[in-house]
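J.: Input file: protein-v6.csv. Contents: CSV, C-alpha atoms.
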```
chain,number,residue,atom,x,y,z
A,1,MET,CA,0.0,0.0,0.0
A,2,ALA,CA,1.5,3.3,-1.2
A,3,ASP,CA,0.3,5.3,1.8
A,4,VAL,CA,1.7,3.0,4.5
A,5,LEU,CA,3.9,4.9,6.9
A,6,LEU,CA,4.8,2.3,9.4
A,7,GLU,CA,4.9,-1.5,8.8
A,8,ALA,CA,5.7,-4.2,11.3
A,9,ARG,CA,6.0,-7.6,9.6
A,10,ASP,CA,6.0,-11.0,11.3
A,11,LEU,CA,7.4,-9.9,14.6
A,12,HIS,CA,8.7,-12.5,17.1
A,13,VAL,CA,9.9,-11.7,20.6
A,14,SER,CA,10.7,-14.2,23.3
A,15,TYR,CA,11.7,-13.9,26.9
A,16,GLY,CA,13.4,-17.2,27.5
A,17,ALA,CA,10.8,-19.9,26.9
A,18,ILE,CA,7.9,-17.3,26.8
A,19,ARG,CA,6.9,-16.3,23.3
A,20,ALA,CA,5.6,-12.8,23.8
A,21,LEU,CA,5.0,-12.1,20.1
A,22,GLN,CA,4.4,-14.8,17.6
A,23,GLY,CA,4.4,-13.5,14.1
A,24,PHE,CA,2.4,-10.3,14.7
A,25,SER,CA,2.1,-7.8,11.8
A,26,LEU,CA,0.6,-4.3,11.6
A,27,THR,CA,0.4,-1.4,9.2
A,28,LEU,CA,-0.2,2.3,10.0
A,29,ARG,CA,-1.0,4.8,7.3
A,30,GLU,CA,-0.4,8.5,7.1
A,31,ARG,CA,-2.7,10.6,9.4
A,32,GLU,CA,-4.3,7.4,10.8
A,33,ILE,CA,-5.0,6.3,14.3
A,34,VAL,CA,-4.6,2.6,14.9
A,35,ALA,CA,-5.3,0.8,18.1
A,36,VAL,CA,-4.0,-2.5,19.5
A,37,ILE,CA,-6.3,-4.0,22.1
A,38,GLY,CA,-6.0,-7.2,24.2
A,39,ALA,CA,-6.0,-8.5,27.7
A,40,ASN,CA,-3.2,-8.0,30.1
A,41,GLY,CA,-0.3,-10.1,29.1
A,42,ALA,CA,-1.3,-10.3,25.4
A,43,GLY,CA,2.0,-8.8,24.3
A,44,LYS,CA,0.9,-5.2,23.7
A,45,SER,CA,3.7,-3.5,25.6
A,46,THR,CA,6.2,-5.9,24.1
A,47,PHE,CA,5.1,-4.9,20.7
A,48,MET,CA,5.6,-1.2,21.4
A,49,ASN,CA,9.0,-1.8,22.9
A,50,ALA,CA,9.9,-3.9,19.9
A,51,LEU,CA,9.1,-1.0,17.6
A,52,MET,CA,11.3,1.3,19.6
A,53,GLY,CA,14.2,-1.1,19.7
A,54,LEU,CA,13.9,-1.6,23.5
A,55,VAL,CA,13.6,-5.4,23.2
A,56,HIS,CA,15.4,-7.8,20.8
A,57,LEU,CA,13.5,-9.1,17.8
A,58,SER,CA,14.1,-12.8,17.2
A,59,GLY,CA,12.3,-12.4,13.9
A,60,GLY,CA,10.5,-9.9,11.7
A,61,THR,CA,11.1,-6.4,10.4
A,62,VAL,CA,10.0,-2.9,11.2
A,63,ALA,CA,10.0,-0.2,8.5
A,64,LEU,CA,9.1,3.5,8.3
A,65,GLU,CA,8.2,4.6,4.8
A,66,GLY,CA,9.8,1.5,3.5
A,67,ARG,CA,13.1,1.9,5.3
A,68,ALA,CA,14.2,-0.5,8.0
A,69,LEU,CA,14.3,1.1,11.4
A,70,SER,CA,17.4,0.8,13.6
A,71,SER,CA,17.5,-1.5,16.6
A,72,ARG,CA,18.9,1.4,18.6
A,73,SER,CA,16.3,3.5,20.4
A,74,PHE,CA,17.8,7.0,19.9
A,75,ARG,CA,18.0,6.3,16.1
A,76,VAL,CA,14.4,5.2,16.1
A,77,VAL,CA,13.5,8.5,17.7
A,78,ARG,CA,15.5,10.4,15.1
A,79,SER,CA,13.8,8.4,12.4
A,80,GLY,CA,10.4,9.7,13.5
A,81,LEU,CA,8.9,7.4,16.2
A,82,SER,CA,8.3,8.6,19.8
A,83,LEU,CA,6.9,6.6,22.7
A,84,VAL,CA,4.7,7.6,25.6
A,85,PRO,CA,5.5,4.6,27.8
A,86,GLU,CA,3.2,2.8,30.1
A,87,GLY,CA,3.2,4.4,33.6
A,88,ARG,CA,4.3,7.7,32.0
A,89,ARG,CA,7.9,7.6,33.3
A,90,ILE,CA,8.3,11.3,33.6
A,91,PHE,CA,11.5,12.6,35.3
A,92,ALA,CA,10.0,13.4,38.7
A,93,PRO,CA,12.9,15.5,40.1
A,94,LEU,CA,12.9,17.8,37.1
A,95,THR,CA,10.5,20.6,36.3
A,96,VAL,CA,7.8,20.4,33.7
A,97,GLU,CA,9.9,22.6,31.4
A,98,GLU,CA,13.0,20.5,31.8
A,99,ASN,CA,11.0,17.3,30.9
A,100,LEU,CA,9.8,19.0,27.8
A,101,ARG,CA,13.3,20.1,26.8
A,102,ILE,CA,14.6,16.6,27.2
A,103,GLY,CA,12.0,15.4,24.7
A,104,ALA,CA,13.7,17.5,22.0
A,105,PHE,CA,17.2,16.1,22.8
A,106,ALA,CA,17.7,14.7,19.2
A,107,ARG,CA,16.8,18.0,17.4
A,108,ARG,CA,19.1,20.6,16.1
A,109,ASN,CA,16.9,23.5,15.0
A,110,PRO,CA,16.3,25.8,18.0
A,111,LYS,CA,13.6,27.8,16.2
A,112,ALA,CA,11.6,24.7,15.4
A,113,VAL,CA,12.0,23.5,19.0
A,114,ARG,CA,10.6,26.8,20.3
A,115,GLU,CA,7.7,26.6,17.9
A,116,ASP,CA,6.8,23.0,19.1
A,117,PHE,CA,7.3,24.1,22.7
A,118,ASP,CA,4.5,26.6,22.2
A,119,TRP,CA,2.4,24.0,20.3
A,120,VAL,CA,2.5,21.4,23.0
A,121,LEU,CA,1.6,24.0,25.6
A,122,SER,CA,-1.4,25.0,23.4
A,123,LEU,CA,-2.5,21.4,23.5
A,124,PHE,CA,-2.1,21.1,27.2
A,125,PRO,CA,-2.4,24.7,28.7
A,126,ARG,CA,-2.4,23.3,32.2
A,127,LEU,CA,1.3,22.5,31.7
A,128,ARG,CA,2.0,26.1,30.9
A,129,GLU,CA,0.8,27.1,34.4
A,130,ARG,CA,3.2,24.5,35.9
A,131,LEU,CA,6.4,25.0,33.9
A,132,CYS,CA,8.5,25.6,37.0
A,133,GLN,CA,6.8,22.9,39.1
A,134,TYR,CA,8.6,19.6,39.7
A,135,ALA,CA,7.0,16.9,37.6
A,136,GLY,CA,6.7,14.5,40.4
A,137,THR,CA,4.2,16.8,42.2
A,138,LEU,CA,1.7,16.8,39.3
A,139,SER,CA,-1.5,14.9,39.4
A,140,GLY,CA,-1.7,11.6,37.4
A,141,GLY,CA,-3.6,13.3,34.6
A,142,GLU,CA,-1.1,16.1,34.4
A,143,GLN,CA,1.8,13.7,34.4
A,144,GLN,CA,0.2,11.9,31.4
A,145,MET,CA,-0.3,15.2,29.6
A,146,LEU,CA,3.4,15.9,30.3
A,147,ALA,CA,4.5,12.5,29.0
A,148,ILE,CA,2.5,13.0,25.7
A,149,ALA,CA,3.9,16.6,25.4
A,150,ARG,CA,7.4,15.4,26.0
A,151,ALA,CA,7.1,12.7,23.3
A,152,LEU,CA,5.7,15.3,20.9
A,153,MET,CA,8.7,17.5,21.4
A,154,ALA,CA,10.7,15.0,19.3
A,155,ARG,CA,8.3,16.0,16.4
A,156,PRO,CA,7.5,12.4,15.6
A,157,ARG,CA,5.9,11.1,12.4
A,158,VAL,CA,4.3,8.4,14.6
A,159,LEU,CA,3.3,8.9,18.2
A,160,LEU,CA,3.2,5.6,20.1
A,161,LEU,CA,1.1,5.4,23.3
A,162,ASP,CA,1.3,2.5,25.7
A,163,GLU,CA,-1.8,2.4,28.0
A,164,PRO,CA,-2.5,6.2,28.1
A,165,SER,CA,-5.7,5.8,30.2
A,166,LEU,CA,-4.0,3.7,32.9
A,167,GLY,CA,-4.9,4.8,36.4
A,168,LEU,CA,-6.8,7.9,35.3
A,169,ALA,CA,-10.3,9.1,36.1
A,170,PRO,CA,-12.9,8.9,33.3
A,171,ILE,CA,-13.1,12.7,32.9
A,172,VAL,CA,-9.3,12.9,32.5
A,173,ILE,CA,-9.3,10.1,30.0
A,174,ARG,CA,-12.0,11.9,28.0
A,175,ASP,CA,-9.9,15.1,27.9
A,176,ILE,CA,-6.7,13.3,27.0
A,177,PHE,CA,-8.3,11.3,24.2
A,178,ARG,CA,-9.9,14.5,22.8
A,179,GLU,CA,-6.4,16.0,22.6
A,180,LEU,CA,-5.1,12.9,20.9
A,181,ARG,CA,-7.7,13.3,18.2
A,182,ARG,CA,-6.6,16.9,17.8
A,183,ILE,CA,-2.9,15.9,17.6
A,184,ASN,CA,-3.9,13.4,14.8
A,185,GLU,CA,-5.8,16.1,13.0
A,186,GLU,CA,-2.7,18.2,12.9
A,187,GLY,CA,-0.9,15.5,11.0
A,188,VAL,CA,0.6,13.1,13.5
A,189,SER,CA,-0.1,9.4,12.9
A,190,ILE,CA,-1.0,7.6,16.2
A,191,LEU,CA,-0.5,4.0,17.3
A,192,LEU,CA,-1.8,3.1,20.7
A,193,VAL,CA,-2.1,0.0,22.8
A,194,GLU,CA,-4.9,0.1,25.4
A,195,GLN,CA,-6.8,-2.2,27.8
A,196,ASN,CA,-9.7,0.3,27.7
A,197,ALA,CA,-10.9,-1.3,24.5
A,198,ARG,CA,-14.0,0.9,24.1
A,199,GLN,CA,-12.1,4.2,24.4
A,200,ALA,CA,-9.5,2.9,22.0
A,201,LEU,CA,-12.0,1.7,19.4
A,202,LEU,CA,-14.0,5.0,19.6
A,203,LEU,CA,-10.8,7.0,19.0
A,204,SER,CA,-9.1,4.9,16.3
A,205,HIS,CA,-9.8,4.3,12.6
A,206,ARG,CA,-8.6,0.7,12.6
A,207,ALA,CA,-7.7,-1.8,15.3
A,208,TYR,CA,-5.9,-5.1,15.8
A,209,VAL,CA,-6.8,-7.6,18.6
A,210,LEU,CA,-3.8,-9.2,20.1
A,211,GLN,CA,-4.1,-12.5,22.1
A,212,THR,CA,-1.1,-14.3,23.6
A,213,GLY,CA,1.2,-12.7,21.1
A,214,CYS,CA,-0.8,-13.6,18.0
A,215,LEU,CA,-3.3,-11.6,15.9
A,216,LEU,CA,-6.9,-12.6,16.7
A,217,LYS,CA,-8.8,-10.1,14.6
A,218,GLU,CA,-8.3,-6.8,12.7
A,219,GLY,CA,-10.5,-4.4,10.9
A,220,PRO,CA,-12.2,-1.0,11.0
A,221,SER,CA,-12.7,0.1,14.6
A,222,ARG,CA,-16.4,0.7,14.1
A,223,ASP,CA,-16.9,-2.9,12.9
A,224,LEU,CA,-15.0,-4.3,15.9
A,225,LEU,CA,-17.2,-2.3,18.2
A,226,LYS,CA,-20.2,-4.2,16.8
A,227,ASP,CA,-18.4,-7.6,16.8
A,228,PRO,CA,-20.2,-9.9,19.3
A,229,ASP,CA,-16.9,-11.7,20.2
A,230,ILE,CA,-15.1,-8.4,20.9
A,231,ARG,CA,-18.1,-7.0,22.8
A,232,ALA,CA,-18.2,-10.1,25.0
A,233,ALA,CA,-14.4,-10.4,25.6
A,234,TYR,CA,-13.2,-6.8,25.8
A,235,LEU,CA,-16.2,-4.5,26.2
A,236,GLY,CA,-17.9,-6.1,29.1
A,237,GLN,CA,-21.0,-6.8,27.1
A,238,GLY,CA,-22.7,-10.1,26.6
A,239,ARG,CA,-23.7,-11.6,23.3
A,240,GLU,CA,-27.1,-10.3,22.1
```
For this file, write the structure as structure tokens.

T.:
Amino acid sequence: MADVLLEARDLHVSYGAIRALQGFSLTLREREIVAVIGANGAGKSTFMNALMGLVHLSGGTVALEGRALSSRSFRVVRSGLSLVPEGRRIFAPLTVEENLRIGAFARRNPKAVREDFDWVLSLFPRLRERLCQYAGTLSGGEQQMLAIARALMARPRVLLLDEPSLGLAPIVIRDIFRELRRINEEGVSILLVEQNARQALLLSHRAYVLQTGCLLKEGPSRDLLKDPDIRAAYLGQGRE
């Protein structure tokens, strides 16, 4: 497909005898939001870490615009991928501003960095009010906003999000997912893994269902929302 931006093909990852990914493949197109849903332990975080070069691939390839990605994380970031990790992993002893500056570590154009600094603060104005505050003193929702903004400071082609709703109140999840849609509308392709299957399917254009490291189903998100098997297994709704 000519418009494919990111392609992961036949990925295999093992932790000793545990096969975390078993031939999983995925494509992400320009300006698309794709979700990967599945139960805890399905291999979702392993998949994200594999894309970023944080775990060793025992098989398969990852390519951005047809070019193979490096297995070294800093080169992956420079190529155009940026990860918002599970649990946020902000630098708690540093200020909000320092966290954001770290997100732009690989960039060499100060003017573009300043422009993106203003852009991410327009997305999350609450962070502007807390620029001098230590990141560890922020609320959970504010920390997630900071983690997303920090990832965006790398000016990625693809924004990866690992469980962005984890541990957050429903009203905060709503606000963050609204901003993710806005980020996508401004040209950033998004790939997210999420246990909150309903939120992920409502946000995304297409979705993949991962089960014990293997692809179970894929298709348009609106179709998976209506799928009786998906509704029963992941949306907490029985078969009709």

J.: Sorted by chain and rising residue number, list the residues of stretch 10-106 of chain A at most 12 Å from stretch 204-225 of chain A (counting all atoms listed in the file), each with its closest atom pair and distance in Å to one decimal, as CSV.

T.:
```
residue,atom,partner,partner_atom,distance
A:Asp10,CA,A:Cys214,CA,9.9
A:Leu11,CA,A:Gly213,CA,9.4
A:His12,CA,A:Gly213,CA,8.5
A:Val13,CA,A:Gly213,CA,8.8
A:Ser14,CA,A:Gly213,CA,9.9
A:Ile18,CA,A:Gly213,CA,9.9
A:Arg19,CA,A:Gly213,CA,7.1
A:Ala20,CA,A:Gly213,CA,5.2
A:Leu21,CA,A:Gly213,CA,4.0
A:Gln22,CA,A:Gly213,CA,5.2
A:Gly23,CA,A:Cys214,CA,6.5
A:Phe24,CA,A:Cys214,CA,5.7
A:Ser25,CA,A:Leu215,CA,7.8
A:Leu26,CA,A:Tyr208,CA,7.8
A:Thr27,CA,A:Tyr208,CA,9.8
A:Leu28,CA,A:Arg206,CA,8.9
A:Arg29,CA,A:Arg206,CA,10.1
A:Glu30,CA,A:His205,CA,11.7
A:Arg31,CA,A:His205,CA,10.0
A:Glu32,CA,A:His205,CA,6.6
A:Ile33,CA,A:Ser204,CA,4.8
A:Val34,CA,A:Arg206,CA,5.0
A:Ala35,CA,A:Ala207,CA,4.5
A:Val36,CA,A:Tyr208,CA,4.9
A:Ile37,CA,A:Val209,CA,5.0
A:Gly38,CA,A:Leu210,CA,5.1
A:Ala39,CA,A:Gln211,CA,7.1
A:Asn40,CA,A:Gln211,CA,9.2
A:Gly41,CA,A:Thr212,CA,7.0
A:Ala42,CA,A:Thr212,CA,4.4
A:Gly43,CA,A:Gly213,CA,5.1
A:Lys44,CA,A:Leu210,CA,7.1
A:Ser45,CA,A:Gly213,CA,10.5
A:Thr46,CA,A:Gly213,CA,9.0
A:Phe47,CA,A:Gly213,CA,8.7
```

J.: For the atom pair atom CA of A:Val158 and atom CA of A:Leu83, what is the interatomic distance in Å to one decimal place?

T.: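 If I compute the distance from atom CA of A:Val158 to atom CA of A:Leu83, I get 8.7 Å.
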
J.: Which of these residues is nearest to A:Phe124, using only C-alpha atoms: A:Thr95, A:Ser79, A:Asn49, A:Gln144?

T.: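 Under the stated criterion, the closest residue is A:Gln144.
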
J.: Between atom CA of A:Met145 and atom CA of A:Ile176, what distance in Å does the model show, to one decimal?

T.: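 Atom CA of A:Met145 sits 7.2 Å away from atom CA of A:Ile176.
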
J.: Have a look at atom CA of A:Leu51 and atom CA of A:Arg101 and let me know their distance in Å, one decimal.

T.: 23.4 Å

J.: Measuring atom to atom with only C-alpha atoms, identify which of A:Tyr134, A:Ala151, A:Ala92, A:Leu64 is nearest to A:Phe117.

T.: A:Ala151

J.: List as a PyMOL selection string the residues having at least one atom at most 12 Å from position (-10.1, 5.0, 27.4) as given in the file, counting only C-alpha atoms.

T.: chain A and resi 35+37+161-178+180+192-204+235

J.: Generate a file of the selected residues that holds C-alpha atoms, formatted as a PDB file, in the frame of the given file.

T.:
```pdb
ATOM      1  CA  ALA A  35      -5.300   0.800  18.100  1.00  0.00           C
ATOM      2  CA  ILE A  37      -6.300  -4.000  22.100  1.00  0.00           C
ATOM      3  CA  LEU A 161       1.100   5.400  23.300  1.00  0.00           C
ATOM      4  CA  ASP A 162       1.300   2.500  25.700  1.00  0.00           C
ATOM      5  CA  GLU A 163      -1.800   2.400  28.000  1.00  0.00           C
ATOM      6  CA  PRO A 164      -2.500   6.200  28.100  1.00  0.00           C
ATOM      7  CA  SER A 165      -5.700   5.800  30.200  1.00  0.00           C
ATOM      8  CA  LEU A 166      -4.000   3.700  32.900  1.00  0.00           C
ATOM      9  CA  GLY A 167      -4.900   4.800  36.400  1.00  0.00           C
ATOM     10  CA  LEU A 168      -6.800   7.900  35.300  1.00  0.00           C
ATOM     11  CA  ALA A 169     -10.300   9.100  36.100  1.00  0.00           C
ATOM     12  CA  PRO A 170     -12.900   8.900  33.300  1.00  0.00           C
ATOM     13  CA  ILE A 171     -13.100  12.700  32.900  1.00  0.00           C
ATOM     14  CA  VAL A 172      -9.300  12.900  32.500  1.00  0.00           C
ATOM     15  CA  ILE A 173      -9.300  10.100  30.000  1.00  0.00           C
ATOM     16  CA  ARG A 174     -12.000  11.900  28.000  1.00  0.00           C
ATOM     17  CA  ASP A 175      -9.900  15.100  27.900  1.00  0.00           C
ATOM     18  CA  ILE A 176      -6.700  13.300  27.000  1.00  0.00           C
ATOM     19  CA  PHE A 177      -8.300  11.300  24.200  1.00  0.00           C
ATOM     20  CA  ARG A 178      -9.900  14.500  22.800  1.00  0.00           C
ATOM     21  CA  LEU A 180      -5.100  12.900  20.900  1.00  0.00           C
ATOM     22  CA  LEU A 192      -1.800   3.100  20.700  1.00  0.00           C
ATOM     23  CA  VAL A 193      -2.100   0.000  22.800  1.00  0.00           C
ATOM     24  CA  GLU A 194      -4.900   0.100  25.400  1.00  0.00           C
ATOM     25  CA  GLN A 195      -6.800  -2.200  27.800  1.00  0.00           C
ATOM     26  CA  ASN A 196      -9.700   0.300  27.700  1.00  0.00           C
ATOM     27  CA  ALA A 197     -10.900  -1.300  24.500  1.00  0.00           C
ATOM     28  CA  ARG A 198     -14.000   0.900  24.100  1.00  0.00           C
ATOM     29  CA  GLN A 199     -12.100   4.200  24.400  1.00  0.00           C
ATOM     30  CA  ALA A 200      -9.500   2.900  22.000  1.00  0.00           C
ATOM     31  CA  LEU A 201     -12.000   1.700  19.400  1.00  0.00           C
ATOM     32  CA  LEU A 202     -14.000   5.000  19.600  1.00  0.00           C
ATOM     33  CA  LEU A 203     -10.800   7.000  19.000  1.00  0.00           C
ATOM     34  CA  SER A 204      -9.100   4.900  16.300  1.00  0.00           C
ATOM     35  CA  LEU A 235     -16.200  -4.500  26.200  1.00  0.00           C
TER      36      LEU A 235
END
```

J.: Compare A:Ala233, A:Ile148, A:Val62, A:Leu6 by their minimum atom-to-atom distance to A:Arg89, counting only C-alpha atoms, and give me the closest one.

T.: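 The closest residue to A:Arg89 is A:Ile148.
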
J.: Looking at A:Leu121, A:Ala154, A:Phe91, A:Leu146, which one is nearest to A:Phe105, with distances taken over only C-alpha atoms?

T.: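 Nearest candidate to A:Phe105 out of A:Leu121, A:Ala154, A:Phe91, A:Leu146: A:Ala154.
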
J.: With only C-alpha atoms as the basis for distance, which of A:Ala104, A:Ala112, A:Ile183, A:Leu127 is at the shortest distance from A:Met153?

T.: A:Ala104

J.: May I ask which of the residues A:Gly80, A:Gly53, A:Gly16, A:Pro110 is the closest one to A:Ser189, counting only C-alpha atoms?

T.: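 Between A:Gly80, A:Gly53, A:Gly16, A:Pro110, the residue approaching A:Ser189 most closely is A:Gly80.
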